[in-house]
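S.K.: Contents of model24.cif (mmCIF, C-alpha atoms) are given next:
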```
data_upload
loop_
_atom_site.label_atom_id
_atom_site.label_comp_id
_atom_site.auth_asym_id
_atom_site.auth_seq_id
_atom_site.Cartn_x
_atom_site.Cartn_y
_atom_site.Cartn_z
CA MET A 1 -29.78 53.92 31.95
CA THR A 2 -31.11 51.42 34.51
CA PRO A 3 -28.97 48.59 35.94
CA ALA A 4 -31.06 46.09 33.97
CA GLU A 5 -30.47 47.99 30.71
CA THR A 6 -26.75 48.20 31.46
CA LEU A 7 -26.65 44.48 32.12
CA MET A 8 -28.49 43.58 28.95
CA ASP A 9 -25.71 45.35 27.03
CA ALA A 10 -23.35 42.78 28.62
CA LEU A 11 -25.71 39.80 28.26
CA SER A 12 -25.84 38.62 24.66
CA SER A 13 -27.91 35.76 23.29
CA PHE A 14 -28.06 33.75 20.11
CA PRO A 15 -31.31 33.74 18.05
CA VAL A 16 -34.22 32.24 19.91
CA VAL A 17 -34.15 28.45 20.17
CA GLN A 18 -37.52 26.91 19.44
CA ASN A 19 -38.97 25.01 22.43
CA PRO A 20 -35.75 25.34 24.45
CA ARG A 21 -34.95 22.96 27.25
CA GLY A 22 -34.01 26.00 29.33
CA ALA A 23 -31.49 28.84 29.41
CA VAL A 24 -27.72 28.66 29.88
CA ILE A 25 -25.71 31.69 30.97
CA ILE A 26 -22.08 31.26 29.89
CA CYS A 27 -19.27 32.87 31.90
CA PRO A 28 -15.98 32.82 29.94
CA GLY A 29 -12.68 32.54 31.77
CA GLY A 30 -9.72 34.88 31.79
CA GLY A 31 -8.40 35.27 35.31
CA TYR A 32 -10.82 38.13 36.06
CA GLU A 33 -8.70 40.36 33.77
CA MET A 34 -10.00 39.39 30.32
CA LEU A 35 -12.78 37.30 28.78
CA ALA A 36 -11.79 34.40 26.52
CA ASP A 37 -13.72 34.43 23.24
CA ARG A 38 -13.01 30.70 22.76
CA GLU A 39 -15.14 30.06 25.86
CA ALA A 40 -18.00 32.29 24.77
CA GLU A 41 -19.63 32.19 21.32
CA PRO A 42 -18.46 28.67 20.30
CA VAL A 43 -19.88 27.30 23.54
CA ALA A 44 -23.10 29.24 23.05
CA ALA A 45 -23.47 27.73 19.57
CA ALA A 46 -23.00 24.22 20.99
CA PHE A 47 -25.73 24.77 23.59
CA ALA A 48 -28.06 26.21 20.95
CA ASP A 49 -27.49 23.11 18.80
CA SER A 50 -28.41 21.01 21.84
CA GLY A 51 -31.70 22.83 22.36
CA TRP A 52 -30.69 25.26 25.09
CA GLN A 53 -31.12 29.03 24.79
CA PRO A 54 -27.62 30.44 25.41
CA PHE A 55 -26.62 33.77 26.88
CA VAL A 56 -23.02 35.02 27.24
CA LEU A 57 -22.33 37.31 30.20
CA ARG A 58 -19.56 39.91 29.85
CA TYR A 59 -19.10 40.33 33.59
CA PRO A 60 -16.82 43.00 35.13
CA ILE A 61 -13.09 42.36 34.89
CA LYS A 62 -10.00 44.12 36.19
CA GLU A 63 -8.82 45.75 32.98
CA GLU A 64 -6.25 48.21 34.35
CA SER A 65 -3.11 47.27 36.27
CA GLY A 66 -3.13 48.78 39.73
CA SER A 67 -6.89 49.33 39.84
CA ALA A 68 -8.93 48.30 42.87
CA PRO A 69 -9.87 44.61 43.29
CA LEU A 70 -13.20 43.52 41.85
CA LEU A 71 -14.59 42.05 45.09
CA SER A 72 -18.35 41.43 44.69
CA GLY A 73 -18.79 43.19 41.32
CA PRO A 74 -18.77 40.08 39.09
CA LEU A 75 -20.97 38.14 41.52
CA LYS A 76 -23.60 40.90 41.57
CA SER A 77 -23.51 41.07 37.77
CA LEU A 78 -24.20 37.36 37.50
CA GLY A 79 -26.89 37.43 40.20
CA ARG A 80 -28.69 40.20 38.34
CA ALA A 81 -28.33 38.28 35.06
CA VAL A 82 -29.93 35.15 36.51
CA SER A 83 -32.84 37.15 37.92
CA ILE A 84 -33.43 38.82 34.53
CA VAL A 85 -33.24 35.57 32.56
CA ARG A 86 -35.44 33.86 35.17
CA ARG A 87 -38.19 36.39 34.44
CA LYS A 88 -38.23 35.24 30.80
CA ASP A 89 -40.04 32.07 31.96
CA PHE A 90 -37.45 29.49 30.98
CA SER A 91 -38.06 26.16 32.70
CA SER A 92 -34.48 26.15 34.04
CA VAL A 93 -31.56 28.57 34.25
CA VAL A 94 -28.15 26.90 34.16
CA LEU A 95 -24.70 28.47 34.53
CA CYS A 96 -21.72 27.27 32.50
CA GLY A 97 -18.40 28.73 33.61
CA PHE A 98 -14.79 28.23 32.51
CA SER A 99 -11.74 28.78 34.76
CA ALA A 100 -12.32 32.13 36.52
CA GLY A 101 -15.78 32.14 34.95
CA GLY A 102 -16.26 28.77 36.63
CA HIS A 103 -15.31 30.38 39.91
CA LEU A 104 -17.90 33.07 39.29
CA ALA A 105 -20.62 30.53 38.48
CA ALA A 106 -19.72 28.44 41.53
CA SER A 107 -19.68 31.58 43.69
CA LEU A 108 -23.32 32.27 42.84
CA GLY A 109 -24.07 28.57 43.30
CA VAL A 110 -22.83 28.90 46.88
CA HIS A 111 -23.57 32.53 47.81
CA TRP A 112 -26.91 33.09 46.04
CA PRO A 113 -28.76 33.57 49.39
CA ASP A 114 -26.64 36.70 49.98
CA LEU A 115 -28.10 38.32 46.85
CA VAL A 116 -31.80 37.45 47.15
CA ASP A 117 -32.73 40.68 48.95
CA GLN A 118 -31.13 42.69 46.15
CA PHE A 119 -32.09 40.71 43.05
CA GLY A 120 -34.94 38.38 44.00
CA ASP A 121 -34.83 34.88 42.54
CA CYS A 122 -31.20 34.60 41.45
CA ARG A 123 -30.61 30.95 42.33
CA PRO A 124 -29.48 28.95 39.28
CA ASP A 125 -30.85 25.43 38.84
CA ALA A 126 -27.52 23.80 37.98
CA LEU A 127 -23.84 24.56 37.35
CA ILE A 128 -21.50 23.27 34.65
CA LEU A 129 -17.94 24.05 35.76
CA SER A 130 -15.07 23.60 33.32
CA TYR A 131 -11.59 23.50 34.92
CA PRO A 132 -12.85 26.00 37.51
CA VAL A 133 -10.92 28.16 39.91
CA ILE A 134 -12.45 27.25 43.27
CA SER A 135 -10.09 28.22 46.06
CA MET A 136 -8.43 31.53 46.86
CA LYS A 137 -6.24 29.93 49.54
CA SER A 138 -5.16 26.44 48.42
CA HIS A 139 -3.95 25.42 44.93
CA PHE A 140 -5.24 28.82 43.82
CA HIS A 141 -4.67 30.75 40.61
CA GLU A 142 -2.75 33.81 41.76
CA GLY A 143 -3.98 36.19 39.08
CA SER A 144 -7.63 35.38 39.75
CA MET A 145 -7.12 35.75 43.49
CA LEU A 146 -5.39 39.13 43.21
CA ASN A 147 -7.75 40.57 40.62
CA LEU A 148 -10.87 39.54 42.53
CA THR A 149 -9.88 39.97 46.18
CA GLY A 150 -6.72 42.05 46.25
CA ALA A 151 -5.45 39.43 48.74
CA ASP A 152 -7.85 40.76 51.38
CA PRO A 153 -8.14 37.94 53.97
CA GLU A 154 -11.91 38.22 54.45
CA TRP A 155 -12.64 38.17 50.74
CA ARG A 156 -10.24 35.28 50.21
CA ASP A 157 -12.23 33.35 52.80
CA TYR A 158 -15.55 34.32 51.20
CA PHE A 159 -14.42 33.23 47.75
CA SER A 160 -12.67 30.02 48.82
CA LEU A 161 -15.70 28.03 47.81
CA GLU A 162 -14.51 24.67 49.05
CA ASN A 163 -15.12 26.07 52.53
CA GLN A 164 -18.42 27.80 51.71
CA ALA A 165 -20.49 25.03 50.12
CA GLY A 166 -23.47 23.81 52.09
CA PRO A 167 -26.87 22.08 51.78
CA ASP A 168 -28.35 25.06 49.89
CA SER A 169 -25.61 25.02 47.24
CA VAL A 170 -26.57 24.37 43.63
CA PRO A 171 -25.96 20.96 41.96
CA ALA A 172 -22.81 20.95 39.86
CA PHE A 173 -21.19 19.09 36.98
CA LEU A 174 -17.40 19.51 36.99
CA TRP A 175 -14.63 18.49 34.65
CA HIS A 176 -10.87 19.04 34.72
CA THR A 177 -7.65 17.58 33.32
CA CYS A 178 -4.83 16.15 35.39
CA ASP A 179 -2.31 18.07 33.26
CA ASP A 180 -3.74 21.49 34.13
CA ARG A 181 -0.81 23.58 35.35
CA ASP A 182 -2.63 26.91 35.59
CA VAL A 183 -5.57 25.83 37.74
CA PRO A 184 -4.68 22.54 39.44
CA VAL A 185 -7.21 19.72 39.37
CA GLU A 186 -7.37 19.91 43.17
CA ASN A 187 -9.78 22.82 42.73
CA SER A 188 -12.45 20.58 41.22
CA LEU A 189 -11.65 17.77 43.64
CA MET A 190 -12.10 20.06 46.65
CA PHE A 191 -15.41 21.46 45.44
CA PHE A 192 -16.80 18.06 44.54
CA SER A 193 -15.84 16.78 47.99
CA ALA A 194 -17.47 19.80 49.66
CA LEU A 195 -20.71 19.35 47.72
CA ARG A 196 -20.75 15.62 48.41
CA SER A 197 -20.27 16.24 52.14
CA ALA A 198 -23.17 18.71 52.04
CA GLY A 199 -25.43 16.19 50.31
CA VAL A 200 -25.62 18.21 47.07
CA THR A 201 -25.95 16.34 43.78
CA SER A 202 -22.75 16.57 41.77
CA GLU A 203 -20.79 14.80 39.04
CA LEU A 204 -17.05 15.01 38.39
CA HIS A 205 -14.99 13.94 35.37
CA ILE A 206 -11.19 14.00 35.43
CA PHE A 207 -9.45 13.54 32.08
CA PRO A 208 -5.81 12.37 32.09
CA ARG A 209 -4.38 14.84 29.57
CA GLY A 210 -4.93 18.37 28.34
CA GLU A 211 -3.77 21.93 28.89
CA HIS A 212 -5.79 24.48 30.79
CA GLY A 213 -8.36 26.36 28.70
CA LEU A 214 -9.45 23.64 26.25
CA SER A 215 -12.99 25.04 25.97
CA LEU A 216 -15.00 22.54 23.89
CA ALA A 217 -11.78 20.64 22.97
CA THR A 218 -12.94 20.63 19.33
CA PRO A 219 -11.03 21.73 16.20
CA GLU A 220 -12.86 25.08 16.01
CA VAL A 221 -11.29 26.21 19.30
CA ASP A 222 -7.77 24.89 18.69
CA GLN A 223 -5.05 27.20 19.97
CA PRO A 224 -1.73 25.57 18.94
CA GLU A 225 0.43 28.42 20.24
CA LYS A 226 -0.75 27.48 23.74
CA ASN A 227 -0.74 23.71 23.17
CA ARG A 228 -4.53 23.61 23.19
CA TYR A 229 -5.59 20.99 20.65
CA ALA A 230 -8.77 19.17 19.82
CA ASP A 231 -9.18 16.00 21.88
CA SER A 232 -12.12 13.73 21.08
CA HIS A 233 -11.95 12.16 24.53
CA VAL A 234 -11.97 15.42 26.47
CA ALA A 235 -14.64 16.81 24.13
CA LYS A 236 -17.07 14.27 25.56
CA TRP A 237 -17.51 16.59 28.55
CA PHE A 238 -20.12 18.54 26.63
CA SER A 239 -22.43 15.62 25.82
CA LEU A 240 -21.90 14.28 29.33
CA SER A 241 -23.01 17.61 30.79
CA ILE A 242 -26.12 17.68 28.60
CA GLY A 243 -27.00 14.16 29.75
CA TRP A 244 -26.44 15.19 33.36
CA LEU A 245 -28.79 18.15 32.95
CA GLU A 246 -31.45 15.85 31.54
CA GLU A 247 -30.97 13.54 34.52
CA ILE A 248 -31.29 16.13 37.26
CA LEU A 249 -33.68 18.61 35.60
CA GLY A 250 -35.83 16.28 33.53
CA THR A 251 -35.56 18.46 30.43
CA PRO A 252 -35.50 16.35 27.24
CA ALA A 253 -35.30 18.17 23.93
CA GLY A 254 -38.42 20.02 22.86
CA GLN A 255 -39.91 20.14 26.35
#
```
Show me the file's structure as structure tokens.
M.R.:
Amino acid sequence: MTPAETLMDALSSFPVVQNPRGAVIICPGGGYEMLADREAEPVAAAFADSGWQPFVLRYPIKEESGSAPLLSGPLKSLGRAVSIVRRKDFSSVVLCGFSAGGHLAASLGVHWPDLVDQFGDCRPDALILSYPVISMKSHFHEGSMLNLTGADPEWRDYFSLENQAGPDSVPAFLWHTCDDRDVPVENSLMFFSALRSAGVTSELHIFPRGEHGLSLATPEVDQPEKNRYADSHVAKWFSLSIGWLEEILGTPAGQ
């Protein structure tokens, strides 16, 4: 089985959207040790309803306690996915990542030049980052840091994206809640500041309330046992992100 065939087993899509605006590759969260279903298929359905062809990437995770850190495995999986989807002639390829999946999406948004020799055109056109892990050194999520880097100093530097963003980084839409206790809002603030300093188009929305992991913040993804409830105000992030994509990519419905 070729790497592309192996990847396609991990890259699922909804039925073809007629005249799609572009493609969206969704990276669910889960601390690099699981993949949250609430941040996968329901999000894909929302993008399909908005005219975008969705794909969900089941990237590598650290499934066994005591196993080696993941290091560049998830990043290479996503880089390969973008290059494969790019060859399907979509007008744009966007990444949408949640929590650790947001870190993965942002990692490719920053480090895509490192993968060009291996995968060709793997640069996404835009990022949508939902309560993302950004840093591996400041306000970091310990589980994500350990699972990905094993606390190796060089890899922690490489994946502390607030220090890696530059003029070639990909435009990003970010949203977070002030109440997030698992991945502090400072992660989004630091990345937005880094992109702004580098002159990269970005948009940031901070909502006053809400637990980590709200996904779409709609009733279908309620998780009462973890205090994750529908919130009509927070749920506006999705329509805001669609509007932002139209603004920066010029992709109205049916085009």
S.K.: Find the spatial neighbours of region 73-88 of chain A, counting only C-alpha atoms, within a cut-off of 8 Å - ignore same-chain residues fewer than 2 positions away - and output them as a list of chain:residue names.
M.R.: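 Here the qualifying residues turn out to be A:Ala4, A:Leu7, A:Leu11, A:Ala23, A:Ile25, A:Leu57, A:Tyr59, A:Pro60, A:Ile61, A:Leu70, A:Leu71, A:Phe90, A:Ser92, A:Val93, A:Leu104, A:Ala105, A:Ser107, A:Leu108, A:Trp112, A:Leu115, A:Phe119, A:Gly120, A:Asp121, A:Cys122, A:Arg123, A:Pro124.
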S.K.: At what distance in Å, to one decimal, does CA of Leu195 (chain A) lie from CA of Ala165 (chain A)?
M.R.: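 Rounded to one decimal, the two atoms are 6.2 Å apart.
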S.K.: From the list A:Pro15, A:Pro113, A:Pro219, A:Gly210, which residue is nearest Pro42 (chain A) when using only C-alpha atoms?
M.R.: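 The closest residue to Pro42 (chain A) is A:Pro219.
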S.K.: Given the file above and the PyMOL selection byres ((chain A and resi 217) around 10), which residues are selected, and can you give them as a list in words?
M.R.: Gly210, Gly213, Leu214, Ser215, Leu216, Thr218, Pro219, Glu220, Val221, Asp222, Gln223, Arg228, Tyr229, Ala230, Asp231, Ser232, His233, Val234, Ala235, Lys236, Trp237 and Phe238 of chain A
S.K.: Residues near Ser202 (chain A), anyone? I mean within 10 Å using all atoms listed in the file, not counting same-chain ones fewer than 6 positions away, as a VMD selection string.
M.R.: chain A and resid 126 to 128 170 to 174 191 to 193 195 to 196 244 248
S.K.: In Å, how far is it from CA of His111 (chain A) to CA of Asp180 (chain A)?
M.R.: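 Computing the Euclidean distance for CA of His111 (chain A) and CA of Asp180 (chain A) yields 26.5 Å.
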S.K.: Just to confirm, what's the straight-line distance from CA of Asp182 (chain A) to CA of Tyr32 (chain A) in Å (one decimal)?
M.R.: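 Spanning CA of Asp182 (chain A) to CA of Tyr32 (chain A) is a straight-line distance of 13.9 Å.
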S.K.: So that I can see what lies close to Ile242 (chain A), please list as an NGL selection string the residues with an atom at most 12 Å from it, counting all atoms listed in the file and leaving out residues fewer than 4 positions away in the same chain.
M.R.: :A and (21-22 or 24 or 46-52 or 94 or 96 or 126-128 or 173 or 236-238 or 246-253)
S.K.: Emit as lines of an AutoDock Vina configuration file the padded axis-aligned box for all listed atoms of region 161-166 of chain A, 5 Å per side, with centre and edge lengths in Å to one decimal.
M.R.:
```
center_x = -19.0
center_y = 25.9
center_z = 50.2
size_x = 19.0
size_y = 14.2
size_z = 14.7
```
S.K.: Pick from A:Gly30, A:Gly109, A:Pro224, A:Pro167: nearest to Leu148 (chain A), with all atoms listed in the file counted?
M.R.: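 Distance minimum relative to Leu148 (chain A) lands on A:Gly30.
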S.K.: Restricting the calculation to all atoms listed in the file, which member of A:Lys62, A:Glu162, A:Ser67, A:Phe14 is positioned closest to Glu41 (chain A)?
M.R.: A:Phe14
S.K.: Would you list the contacts of Asn163 (chain A) as a PyMOL selection string, taking every protein, DNA or RNA residue within 12 Å and counting all atoms listed in the file, but skipping same-chain residues closer than 3 positions in sequence?
M.R.: chain A and resi 107+110-111+134-138+156-160+166+169+187+190-195+197-198
S.K.: Need to verify the contact set: Asp179 (chain A), 9 Å, all atoms listed in the file, exclusion of same-chain residues closer than 5 positions in sequence. Can you return it as a compact mmCIF listing (two decimals) with C-alpha atoms, keeping the file's coordinate frame?
M.R.:
```
# COMPACT_ATOMS: atom_id res chain seq x y z
CA PRO A 184 -4.68 22.54 39.44
CA VAL A 185 -7.21 19.72 39.37
CA PHE A 207 -9.45 13.54 32.08
CA PRO A 208 -5.81 12.37 32.09
CA ARG A 209 -4.38 14.84 29.57
CA GLY A 210 -4.93 18.37 28.34
CA GLU A 211 -3.77 21.93 28.89
CA HIS A 212 -5.79 24.48 30.79
```
S.K.: My list of candidates is A:Cys27, A:Cys178, A:Ala151, A:Ala68. Which is closest to His103 (chain A) when distances are computed with all atoms listed in the file?
M.R.: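 Under the stated criterion, the closest residue is A:Cys27.
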S.K.: Looking at A:Tyr131, A:Asp152, A:Glu142, A:Glu63, which one is nearest to Glu186 (chain A), with distances taken over all atoms listed in the file?
M.R.: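 Of all the options, A:Tyr131 lies closest to Glu186 (chain A).
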